[in-house]
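Read the structure below first, then the notes.
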Amino acid sequence: MSLQFRALTGPDLTAALDDLAALRIRVFRDWPYLYDGDHAYERRYMESYRDNDRAILVAAFDGDRLVGAATGTPMADHADDFAAAFEGQDHALGDIFYCAESVLLPEFRGQGAGHTFFDLREAHARKLGHRYSAFCGVVRPDDHPLRPAGYRPLDPFWRKRGYEPLPGAVAWFTWKDVDQPNTTRHPLQFWIKDL
């Protein structure tokens, strides 16, 4: 299988948002997110990219089908969500580019998409003048009953890319897990690197 990658902005990004929403629901259903997706929420979430001329969507295509994607925007565009996580930190939100989701269907993993997703978002961040690139990953206990046997965390990959956890920078988000009747709060640890 050969993937083609395109960095989408503006109207091209907007045209891909419905496919991205479906992809997020499918991929984030798996460990470690365990997200019981909601199309109404996804539509609201996608609005943060729709009219943002500083946003980027790195799209991975198999032919004409979107099979993977990674998004990013300046962290300041998410100030309401992340300001508390960065209180007391030495990094101003205006200096940080936020690499949001990276989602890829399982059958296309292991072909270098993760590196391409970061390469193109980091290049976009540099072009916009940001000093740092950051993302956050959900934190789950090692003994969680839905943790797959043989699961390998992505920490070594992220460290190889130059990212390190930012101590004390934890965001909290609420969603419904696939095995729960109601929504619950989840911690997401920020990782950061100098650009």
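Following the order of the structure tokens, first chain is A, next is B, and so on, with residues numbered from 1 inside each chain and ligands from 1 in the order they appear.
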Could you pull the residues within 10 Å of Phe157 in chain A, counting only C-alpha atoms, minus those fewer than 4 positions along the same chain, as a list in words?
-> Gly114, His115, Pro153, Arg161, Gly162 and Tyr163 of chain A
Expected answer as number ranges by chain: alpha helix (DSSP H) residues in range 10-62 of chain A = A: 10-27, 39-50
Within 9 Å of range 82-89 of chain A using only C-alpha atoms, minus same-chain residues under 2 positions, as number ranges by chain | A: 75-76, 78-80, 91-93, 166-172, 190
A:Asp95, A:Pro32, A:Leu17, A:Ala113: which is nearest Arg44 in chain A, counting only C-alpha atoms?
->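 Checking each of A:Asp95, A:Pro32, A:Leu17, A:Ala113 against Arg44 in chain A, counting only C-alpha atoms, the winner is A:Leu17.
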Using only C-alpha atoms, which of the listed residues (A:Ala149, A:Val139, A:Leu105, A:Ala59) sits closest to Arg185 in chain A?
->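 Closest to Arg185 in chain A, using only C-alpha atoms: A:Val139.
Using only C-alpha atoms, the protein and nucleic acid residues lying no more than 9 Å from Trp175 in chain A, apart from those fewer than 4 places from it along its own chain, are Tyr35, Asp36, Gly37, Asn182, Thr183, Thr184, Arg185 and His186 of chain A.
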Going by DSSP on the backbone, which bits of range 54-176 of chain A are strand (DSSP E or B)? Write them as a PyMOL selection string, please.
-> chain A and resi 56-62+65-74+96-104+132-138+164-176
Those same residues - C-alpha atoms - I'd like them written as a compact mmCIF listing (two decimals), in the first residue's frame.
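The result, stored in selection-v8.txt:
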```txt
# COMPACT_ATOMS: atom_id res chain seq x y z
CA ILE A 56 -3.31 22.74 8.78
CA LEU A 57 -4.59 19.27 8.04
CA VAL A 58 -1.99 16.77 6.84
CA ALA A 59 -4.03 14.23 4.94
CA ALA A 60 -2.96 10.69 4.06
CA PHE A 61 -4.78 9.22 1.08
CA ASP A 62 -5.02 5.73 -0.33
CA ARG A 65 -9.88 7.74 0.31
CA LEU A 66 -8.75 9.61 3.42
CA VAL A 67 -7.12 6.95 5.62
CA GLY A 68 -5.15 9.16 7.98
CA ALA A 69 -4.88 12.75 9.10
CA ALA A 70 -3.10 15.04 11.51
CA THR A 71 -4.16 18.56 12.38
CA GLY A 72 -2.58 21.59 13.96
CA THR A 73 -3.24 25.20 14.87
CA PRO A 74 -1.53 27.84 17.00
CA ILE A 96 3.48 27.24 20.78
CA PHE A 97 2.01 25.43 17.80
CA TYR A 98 -0.45 22.73 18.84
CA CYS A 99 -0.28 19.42 16.97
CA ALA A 100 -3.76 18.09 17.64
CA GLU A 101 -4.91 14.65 16.57
CA SER A 102 -2.99 12.14 14.51
CA VAL A 103 -5.23 9.35 13.28
CA LEU A 104 -4.43 6.54 10.87
CA TYR A 132 7.72 25.33 20.08
CA SER A 133 5.60 22.42 18.93
CA ALA A 134 3.42 20.56 21.42
CA PHE A 135 0.75 17.89 21.59
CA CYS A 136 -1.02 16.00 24.34
CA GLY A 137 -1.70 12.31 24.81
CA VAL A 138 -4.26 10.63 27.03
CA GLU A 164 9.58 15.44 26.02
CA PRO A 165 6.75 15.50 28.57
CA LEU A 166 6.27 18.98 30.04
CA PRO A 167 6.04 18.40 33.82
CA GLY A 168 2.80 19.68 35.30
CA ALA A 169 1.21 20.51 31.92
CA VAL A 170 -1.92 18.35 31.98
CA ALA A 171 -5.21 19.16 30.28
CA TRP A 172 -8.51 17.57 31.25
CA PHE A 173 -11.18 16.65 28.74
CA THR A 174 -14.50 14.88 29.09
CA TRP A 175 -15.78 12.17 26.77
CA LYS A 176 -17.70 8.92 26.96
```
